[in-house]
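The data block below is protein-v8.txt; it holds compact mmCIF, N, CA and C atoms and all ligand atoms.
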```txt
# COMPACT_ATOMS: atom_id res chain seq x y z
N MET A 24 38.79 -9.48 -2.60
CA MET A 24 38.09 -8.30 -2.10
C MET A 24 38.69 -7.05 -2.78
N PHE A 25 37.86 -6.22 -3.36
CA PHE A 25 38.33 -4.97 -3.96
C PHE A 25 38.06 -3.84 -2.98
N ALA A 26 39.04 -2.96 -2.80
CA ALA A 26 38.83 -1.88 -1.82
C ALA A 26 39.55 -0.61 -2.27
N ASP A 27 38.92 0.51 -1.99
CA ASP A 27 39.55 1.82 -2.21
C ASP A 27 39.91 2.35 -0.82
N SER A 28 41.19 2.64 -0.63
CA SER A 28 41.66 3.10 0.70
C SER A 28 40.97 4.36 1.18
N ARG A 29 40.39 5.12 0.22
CA ARG A 29 39.75 6.39 0.60
C ARG A 29 38.31 6.19 1.04
N VAL A 30 37.79 4.97 0.86
CA VAL A 30 36.38 4.72 1.19
C VAL A 30 36.31 3.95 2.51
N ASP A 31 35.82 4.62 3.55
CA ASP A 31 35.83 4.02 4.89
C ASP A 31 35.09 2.68 4.95
N ALA A 32 33.99 2.57 4.21
CA ALA A 32 33.22 1.31 4.25
C ALA A 32 34.06 0.16 3.72
N ASP A 33 34.86 0.41 2.68
CA ASP A 33 35.74 -0.63 2.12
C ASP A 33 36.78 -1.04 3.16
N VAL A 34 37.34 -0.03 3.82
CA VAL A 34 38.41 -0.28 4.79
C VAL A 34 37.84 -1.06 5.98
N ARG A 35 36.62 -0.69 6.38
CA ARG A 35 35.98 -1.38 7.50
C ARG A 35 35.76 -2.87 7.17
N SER A 36 35.43 -3.18 5.92
CA SER A 36 35.24 -4.59 5.53
C SER A 36 36.53 -5.38 5.73
N ILE A 37 37.65 -4.76 5.42
CA ILE A 37 38.93 -5.47 5.60
C ILE A 37 39.20 -5.69 7.08
N LEU A 38 38.91 -4.68 7.90
CA LEU A 38 39.12 -4.83 9.35
C LEU A 38 38.24 -5.93 9.91
N LYS A 39 37.00 -5.97 9.42
CA LYS A 39 36.07 -7.01 9.91
C LYS A 39 36.57 -8.40 9.54
N LEU A 40 37.09 -8.52 8.33
CA LEU A 40 37.64 -9.81 7.89
C LEU A 40 38.83 -10.20 8.77
N ALA A 41 39.69 -9.24 9.07
CA ALA A 41 40.86 -9.53 9.92
C ALA A 41 40.41 -9.94 11.32
N ALA A 42 39.42 -9.23 11.88
CA ALA A 42 38.93 -9.56 13.22
C ALA A 42 38.31 -10.95 13.23
N ARG A 43 37.55 -11.26 12.15
CA ARG A 43 36.94 -12.58 12.07
C ARG A 43 38.01 -13.67 12.00
N THR A 44 39.06 -13.40 11.25
CA THR A 44 40.16 -14.36 11.13
C THR A 44 40.78 -14.63 12.50
N ALA A 45 40.96 -13.57 13.29
CA ALA A 45 41.52 -13.74 14.64
C ALA A 45 40.58 -14.58 15.49
N HIS A 46 39.27 -14.28 15.45
CA HIS A 46 38.30 -15.03 16.26
C HIS A 46 38.25 -16.50 15.89
N GLU A 47 38.38 -16.77 14.57
CA GLU A 47 38.31 -18.15 14.10
C GLU A 47 39.42 -19.02 14.69
N HIS A 48 40.50 -18.37 15.11
CA HIS A 48 41.61 -19.14 15.68
C HIS A 48 41.47 -19.32 17.19
N GLY A 49 40.31 -18.92 17.73
CA GLY A 49 40.01 -19.19 19.13
C GLY A 49 40.81 -18.32 20.09
N GLU A 50 40.75 -18.70 21.36
CA GLU A 50 41.35 -17.86 22.39
C GLU A 50 42.86 -17.95 22.43
N ALA A 51 43.41 -18.93 21.72
CA ALA A 51 44.87 -19.06 21.69
C ALA A 51 45.50 -17.83 21.03
N VAL A 52 44.71 -17.21 20.14
CA VAL A 52 45.24 -16.02 19.44
C VAL A 52 44.80 -14.77 20.20
N THR A 53 45.75 -14.07 20.79
CA THR A 53 45.39 -12.88 21.57
C THR A 53 45.46 -11.62 20.71
N ASP A 54 46.29 -11.64 19.69
CA ASP A 54 46.33 -10.50 18.77
C ASP A 54 46.69 -11.01 17.38
N LEU A 55 46.51 -10.13 16.41
CA LEU A 55 46.77 -10.52 15.02
C LEU A 55 47.82 -9.58 14.45
N LYS A 56 48.82 -10.16 13.77
CA LYS A 56 49.82 -9.32 13.10
C LYS A 56 49.69 -9.51 11.60
N VAL A 57 49.56 -8.40 10.90
CA VAL A 57 49.29 -8.45 9.47
C VAL A 57 50.48 -7.84 8.73
N LEU A 58 50.96 -8.60 7.73
CA LEU A 58 52.07 -8.11 6.90
C LEU A 58 51.50 -7.79 5.53
N VAL A 59 51.74 -6.59 5.04
CA VAL A 59 51.22 -6.25 3.71
C VAL A 59 52.35 -6.42 2.69
N VAL A 60 52.06 -7.16 1.62
CA VAL A 60 53.07 -7.37 0.57
C VAL A 60 52.46 -7.06 -0.79
N GLY A 61 53.30 -6.62 -1.71
CA GLY A 61 52.80 -6.35 -3.05
C GLY A 61 53.80 -5.58 -3.87
N MET A 62 53.48 -5.37 -5.12
CA MET A 62 54.38 -4.65 -6.02
C MET A 62 54.50 -3.20 -5.59
N PRO A 63 55.57 -2.51 -6.06
CA PRO A 63 55.76 -1.10 -5.67
C PRO A 63 54.60 -0.21 -6.10
N ASN A 64 54.31 0.77 -5.30
CA ASN A 64 53.37 1.85 -5.66
C ASN A 64 51.93 1.40 -5.89
N VAL A 65 51.54 0.28 -5.31
CA VAL A 65 50.16 -0.18 -5.50
C VAL A 65 49.22 0.29 -4.39
N GLY A 66 49.77 0.95 -3.35
CA GLY A 66 48.91 1.49 -2.30
C GLY A 66 48.96 0.73 -0.98
N LYS A 67 50.05 0.01 -0.74
CA LYS A 67 50.16 -0.76 0.51
C LYS A 67 50.14 0.16 1.73
N SER A 68 51.01 1.17 1.71
CA SER A 68 51.11 2.07 2.88
C SER A 68 49.83 2.87 3.07
N SER A 69 49.22 3.27 1.95
CA SER A 69 47.95 4.02 2.03
C SER A 69 46.88 3.16 2.68
N LEU A 70 46.87 1.88 2.33
CA LEU A 70 45.87 0.98 2.91
C LEU A 70 46.09 0.84 4.41
N LEU A 71 47.33 0.73 4.83
CA LEU A 71 47.62 0.58 6.26
C LEU A 71 47.23 1.86 7.02
N ASN A 72 47.53 3.02 6.44
CA ASN A 72 47.10 4.27 7.08
C ASN A 72 45.58 4.33 7.19
N ALA A 73 44.91 3.85 6.14
CA ALA A 73 43.44 3.87 6.15
C ALA A 73 42.89 2.92 7.21
N LEU A 74 43.53 1.74 7.37
CA LEU A 74 43.08 0.80 8.40
C LEU A 74 43.20 1.45 9.77
N ARG A 75 44.28 2.20 9.97
CA ARG A 75 44.48 2.89 11.25
C ARG A 75 43.47 4.02 11.45
N ARG A 76 43.22 4.75 10.37
CA ARG A 76 42.26 5.87 10.44
C ARG A 76 40.88 5.35 10.84
N VAL A 77 40.45 4.27 10.19
CA VAL A 77 39.11 3.76 10.44
C VAL A 77 39.07 2.92 11.71
N GLY A 78 40.12 2.14 11.95
CA GLY A 78 40.11 1.19 13.06
C GLY A 78 40.32 1.82 14.42
N VAL A 79 41.25 2.77 14.52
CA VAL A 79 41.52 3.37 15.84
C VAL A 79 41.49 4.91 15.81
N ARG A 80 41.03 5.45 14.69
CA ARG A 80 40.89 6.91 14.52
C ARG A 80 42.18 7.66 14.82
N ARG A 81 43.28 7.14 14.31
CA ARG A 81 44.57 7.81 14.49
C ARG A 81 45.10 8.26 13.13
N GLY A 82 46.07 9.18 13.17
CA GLY A 82 46.64 9.75 11.95
C GLY A 82 47.61 8.82 11.24
N LYS A 83 48.16 9.35 10.17
CA LYS A 83 49.07 8.59 9.30
C LYS A 83 50.28 8.05 10.06
N ALA A 84 50.61 6.79 9.86
CA ALA A 84 51.79 6.22 10.49
C ALA A 84 52.87 5.88 9.46
N PHE A 85 52.47 5.78 8.18
CA PHE A 85 53.41 5.35 7.15
C PHE A 85 53.50 6.39 6.04
N HIS A 86 54.72 6.56 5.49
CA HIS A 86 54.90 7.49 4.37
C HIS A 86 54.29 6.90 3.11
N THR A 87 53.66 7.79 2.33
CA THR A 87 53.08 7.36 1.04
C THR A 87 53.51 8.36 -0.03
N GLY A 88 53.37 7.99 -1.29
CA GLY A 88 53.70 8.91 -2.37
C GLY A 88 53.43 8.28 -3.71
N ALA A 89 53.36 9.14 -4.73
CA ALA A 89 52.97 8.67 -6.07
C ALA A 89 54.12 8.04 -6.85
N MET A 90 55.25 7.79 -6.21
CA MET A 90 56.39 7.14 -6.88
C MET A 90 56.66 5.78 -6.23
N PRO A 91 57.18 4.82 -7.02
CA PRO A 91 57.56 3.55 -6.39
C PRO A 91 58.78 3.73 -5.50
N GLY A 92 58.92 2.89 -4.50
CA GLY A 92 60.11 2.93 -3.65
C GLY A 92 60.01 3.87 -2.48
N VAL A 93 58.82 4.30 -2.11
CA VAL A 93 58.65 5.21 -0.96
C VAL A 93 58.99 4.47 0.35
N THR A 94 58.42 3.30 0.53
CA THR A 94 58.75 2.49 1.71
C THR A 94 60.02 1.72 1.42
N ARG A 95 61.04 1.91 2.26
CA ARG A 95 62.37 1.36 1.94
C ARG A 95 62.75 0.16 2.79
N LYS A 96 62.09 -0.01 3.93
CA LYS A 96 62.42 -1.18 4.75
C LYS A 96 61.20 -1.61 5.56
N LEU A 97 61.30 -2.81 6.10
CA LEU A 97 60.22 -3.33 6.95
C LEU A 97 60.06 -2.42 8.16
N THR A 98 58.83 -2.03 8.46
CA THR A 98 58.61 -1.12 9.59
C THR A 98 58.34 -1.91 10.87
N GLY A 99 58.25 -1.19 11.97
CA GLY A 99 57.78 -1.80 13.22
C GLY A 99 56.27 -1.97 13.16
N THR A 100 55.70 -2.51 14.23
CA THR A 100 54.26 -2.74 14.21
C THR A 100 53.49 -1.47 14.57
N VAL A 101 52.34 -1.32 13.96
CA VAL A 101 51.44 -0.20 14.24
C VAL A 101 50.05 -0.77 14.49
N ARG A 102 49.41 -0.30 15.55
CA ARG A 102 48.09 -0.83 15.91
C ARG A 102 47.01 -0.23 15.01
N VAL A 103 46.13 -1.08 14.49
CA VAL A 103 45.05 -0.57 13.64
C VAL A 103 43.66 -0.94 14.17
N TYR A 104 43.60 -1.76 15.22
CA TYR A 104 42.30 -2.21 15.74
C TYR A 104 42.49 -2.61 17.19
N ASP A 105 41.45 -2.43 18.01
CA ASP A 105 41.61 -2.70 19.45
C ASP A 105 41.06 -4.05 19.91
N LYS A 106 39.86 -4.40 19.46
CA LYS A 106 39.24 -5.65 19.96
C LYS A 106 38.85 -6.55 18.80
N PRO A 107 39.67 -7.54 18.46
CA PRO A 107 40.95 -7.89 19.08
C PRO A 107 42.05 -6.95 18.61
N PRO A 108 43.18 -6.89 19.33
CA PRO A 108 44.27 -6.04 18.87
C PRO A 108 44.84 -6.54 17.54
N ILE A 109 44.86 -5.66 16.57
CA ILE A 109 45.44 -6.00 15.26
C ILE A 109 46.57 -5.02 14.97
N TYR A 110 47.72 -5.55 14.61
CA TYR A 110 48.90 -4.73 14.31
C TYR A 110 49.31 -4.99 12.86
N VAL A 111 49.85 -3.96 12.21
CA VAL A 111 50.32 -4.15 10.85
C VAL A 111 51.80 -3.79 10.74
N PHE A 112 52.46 -4.42 9.77
CA PHE A 112 53.82 -4.06 9.37
C PHE A 112 53.71 -3.53 7.94
N ASP A 113 54.51 -2.55 7.60
CA ASP A 113 54.58 -2.13 6.19
C ASP A 113 55.87 -2.69 5.60
N THR A 114 55.84 -2.98 4.32
CA THR A 114 57.03 -3.53 3.66
C THR A 114 57.31 -2.78 2.35
N PRO A 115 58.55 -2.80 1.89
CA PRO A 115 58.85 -2.18 0.58
C PRO A 115 58.19 -3.01 -0.53
N GLY A 116 57.89 -2.36 -1.64
CA GLY A 116 57.32 -3.08 -2.78
C GLY A 116 58.30 -4.12 -3.31
N VAL A 117 57.76 -5.24 -3.76
CA VAL A 117 58.60 -6.30 -4.33
C VAL A 117 58.20 -6.48 -5.79
N MET A 118 59.18 -6.28 -6.66
CA MET A 118 58.91 -6.37 -8.10
C MET A 118 59.06 -7.81 -8.57
N MET A 119 58.22 -8.20 -9.54
CA MET A 119 58.37 -9.53 -10.13
C MET A 119 59.76 -9.63 -10.76
N PRO A 120 60.48 -10.74 -10.56
CA PRO A 120 61.85 -10.83 -11.09
C PRO A 120 61.90 -10.95 -12.61
N PHE A 121 60.83 -11.43 -13.22
CA PHE A 121 60.85 -11.66 -14.67
C PHE A 121 59.45 -11.41 -15.22
N LEU A 122 59.37 -10.63 -16.27
CA LEU A 122 58.06 -10.24 -16.79
C LEU A 122 57.61 -11.08 -17.98
N GLY A 123 58.48 -11.94 -18.50
CA GLY A 123 58.12 -12.76 -19.66
C GLY A 123 59.02 -12.46 -20.83
N HIS A 124 59.04 -13.37 -21.81
CA HIS A 124 59.91 -13.21 -22.98
C HIS A 124 59.31 -12.27 -24.01
N ASP A 125 60.19 -11.72 -24.84
CA ASP A 125 59.82 -10.99 -26.05
C ASP A 125 58.68 -9.98 -25.87
N GLU A 126 57.70 -10.02 -26.79
CA GLU A 126 56.65 -8.98 -26.76
C GLU A 126 55.81 -9.06 -25.48
N VAL A 127 55.61 -10.26 -24.99
CA VAL A 127 54.78 -10.41 -23.78
C VAL A 127 55.43 -9.65 -22.62
N GLY A 128 56.73 -9.89 -22.43
CA GLY A 128 57.46 -9.21 -21.36
C GLY A 128 57.54 -7.71 -21.59
N ALA A 129 57.77 -7.34 -22.85
CA ALA A 129 57.88 -5.91 -23.18
C ALA A 129 56.56 -5.20 -22.90
N GLU A 130 55.45 -5.84 -23.27
CA GLU A 130 54.14 -5.21 -23.04
C GLU A 130 53.85 -5.07 -21.55
N ARG A 131 54.17 -6.12 -20.79
CA ARG A 131 53.95 -6.03 -19.34
C ARG A 131 54.80 -4.91 -18.74
N GLY A 132 56.05 -4.81 -19.19
CA GLY A 132 56.94 -3.76 -18.67
C GLY A 132 56.39 -2.38 -18.97
N LEU A 133 55.88 -2.24 -20.20
CA LEU A 133 55.32 -0.94 -20.61
C LEU A 133 54.10 -0.58 -19.75
N LYS A 134 53.24 -1.57 -19.54
CA LYS A 134 52.04 -1.31 -18.73
C LYS A 134 52.42 -0.94 -17.29
N LEU A 135 53.40 -1.65 -16.76
CA LEU A 135 53.82 -1.35 -15.38
C LEU A 135 54.46 0.04 -15.30
N ALA A 136 55.22 0.41 -16.34
CA ALA A 136 55.82 1.76 -16.35
C ALA A 136 54.72 2.82 -16.43
N LEU A 137 53.71 2.55 -17.26
CA LEU A 137 52.62 3.52 -17.43
C LEU A 137 51.82 3.70 -16.15
N THR A 138 51.69 2.65 -15.36
CA THR A 138 50.93 2.75 -14.12
C THR A 138 51.83 3.11 -12.93
N GLY A 139 53.09 3.46 -13.21
CA GLY A 139 53.96 4.00 -12.17
C GLY A 139 54.60 2.97 -11.26
N GLU A 140 54.70 1.73 -11.74
CA GLU A 140 55.30 0.72 -10.88
C GLU A 140 56.74 0.42 -11.22
N LEU A 141 57.19 0.90 -12.39
CA LEU A 141 58.58 0.69 -12.80
C LEU A 141 59.22 2.05 -12.94
N GLY A 142 59.80 2.57 -11.89
CA GLY A 142 60.48 3.86 -12.00
C GLY A 142 59.53 5.01 -11.93
N GLY A 143 58.58 5.08 -12.84
CA GLY A 143 57.60 6.16 -12.82
C GLY A 143 58.13 7.42 -13.47
N VAL A 144 57.26 8.38 -13.66
CA VAL A 144 57.63 9.63 -14.31
C VAL A 144 58.67 10.35 -13.49
N GLY A 145 59.74 10.76 -14.15
CA GLY A 145 60.77 11.54 -13.45
C GLY A 145 61.79 10.69 -12.72
N CYS A 146 61.64 9.38 -12.81
CA CYS A 146 62.56 8.51 -12.09
C CYS A 146 63.73 8.09 -12.97
N GLY A 147 63.70 8.45 -14.26
CA GLY A 147 64.81 8.15 -15.16
C GLY A 147 64.75 6.75 -15.71
N1 LIG A 201 42.80 6.10 -6.26
C1 LIG A 201 43.48 5.49 -5.31
N2 LIG A 201 44.76 5.84 -5.14
C2 LIG A 201 45.45 5.19 -4.18
C3 LIG A 201 44.86 4.19 -3.37
N3 LIG A 201 45.79 3.72 -2.52
C4 LIG A 201 46.90 4.41 -2.79
N4 LIG A 201 46.71 5.31 -3.77
C5 LIG A 201 47.73 6.22 -4.33
O1 LIG A 201 48.76 5.40 -4.89
C6 LIG A 201 50.04 5.98 -4.68
C7 LIG A 201 50.97 4.99 -4.01
O2 LIG A 201 50.55 4.79 -2.67
P1 LIG A 201 51.51 4.16 -1.55
O3 LIG A 201 50.59 3.82 -0.41
O4 LIG A 201 52.69 5.02 -1.27
O5 LIG A 201 51.99 2.82 -2.29
P2 LIG A 201 52.98 1.67 -1.77
O6 LIG A 201 52.46 0.38 -2.33
O7 LIG A 201 53.14 1.76 -0.29
O8 LIG A 201 54.32 2.07 -2.51
P3 LIG A 201 55.87 1.66 -2.16
O9 LIG A 201 56.10 1.94 -0.71
O10 LIG A 201 56.66 2.56 -3.04
O11 LIG A 201 55.98 0.20 -2.55
C8 LIG A 201 49.81 7.26 -3.87
O12 LIG A 201 49.81 8.34 -4.78
C9 LIG A 201 48.43 7.05 -3.27
O13 LIG A 201 47.76 8.27 -3.03
C10 LIG A 201 43.48 3.86 -3.58
O14 LIG A 201 42.89 2.98 -2.93
N5 LIG A 201 42.85 4.55 -4.56
MG MG A 202 54.83 2.06 0.85
```

Spit out the file's structure as structure tokens when you get a sec.
Amino acid sequence: MFADSRVDADVRSILKLAARTAHEHGEAVTDLKVLVVGMPNVGKSSLLNALRRVGVRRGKAFHTGAMPGVTRKLTGTVRVYDKPPIYVFDTPGVMMPFLGHDEVGAERGLKLALTGELGGVGCG
């Protein structure tokens, strides 16, 4: 699923998928807890804030920013939907441990640096 955190219709599709997932597990599941994982600076926290904005019409709960490393530790749960109750955790970005040998690895590193996932501008 491709989604832009700024587009409410995209965010609503993700909430609907999460709600459907909870329903599919029957009445044994009373709430759903969602953990977001991914590389640094890809928009994890922005997505969670958007889920909260669209799902329960509440303000920002997680810090975001254009540099990698904004989220530094696992957060507590934040409610993003009421029926069924859906809660999210935010996590720090996790970088791939190895990008590949020689030119392949170098090219991947360069691309990740250019898109702000490796240090980013001004990070040294
Ligand atoms: N265009 C666009 N920009 C986005 C989107 N989601 C996030 N961003 C931007 O991407 C940057 C990083 O967003 P964050 O939500 O802080 O990213 P993160 O994955 O939580 O980053 P870390 O906590 O550092 O791992 C910010 O400048 C956001 O404004 C999106 O869906 N579309
Ligand atoms: Mg974050």

What gap, in Å, lies between atom C of Thr98 (chain A) and CA of Asp113 (chain A)?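 If I compute the distance from atom C of Thr98 (chain A) to CA of Asp113 (chain A), I get 6.0 Å.
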
Test item: residues lying within 6.5 Å of ligand LIG 201 (chain A) with all atoms listed in the file, as a ChimeraX atom specification: /A:26-29,61-70,86-95,114-117

I need the residue nearest Ala84 (chain A) from this list: A:Ile109, A:Ala129, A:Leu71, A:Leu38. Use all atoms listed in the file for the distance.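 Checking each candidate against Ala84 (chain A), we get A:Leu71 as the closest.
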
Restricting the calculation to all atoms listed in the file, which member of A:Pro120, A:Phe85, A:Asp125, A:Thr44 is positioned closest to ligand MG 202 (chain A)?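 That would be A:Phe85, the residue with the smallest distance to ligand MG 202 (chain A).
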
When DSSP works through the backbone of this structure, what residues of chain A end up as strand (DSSP E or B), shown as a ChimeraX atom specification? /A:55-58,101-104,109-112

One decimal, in Å: what's the spacing between atom N of Lys39 (chain A) and atom N of Leu74 (chain A)? 10.3 Å

So how many Å separate CA of Pro107 (chain A) and CA of Ala45 (chain A), to one decimal?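 Taking CA of Pro107 (chain A) and CA of Ala45 (chain A), their separation equals 7.4 Å.
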
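Nearest to ligand MG 202 (chain A) of all the residues A:Leu135, A:Val79, A:Val60, A:Val101 is A:Val60, counting only C-alpha atoms and all ligand atoms.
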
Give the alpha helix (DSSP H) residues of region 24-95 of chain A, as DSSP finds them on the backbone, and put them as a VMD selection string. chain A and resid 31 to 47 67 to 79

Have a look at A:Val103, A:Gly78, A:Val59, A:Lys134 and name the one nearest to ligand MG 202 (chain A); count only C-alpha atoms and all ligand atoms.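 The shortest atom-to-atom distance to ligand MG 202 (chain A) comes from A:Val59.
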
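Counting only C-alpha atoms, the residue from A:Met119, A:Leu58, A:Leu137, A:Ala73 that sits nearest to Asp33 (chain A) is A:Ala73.
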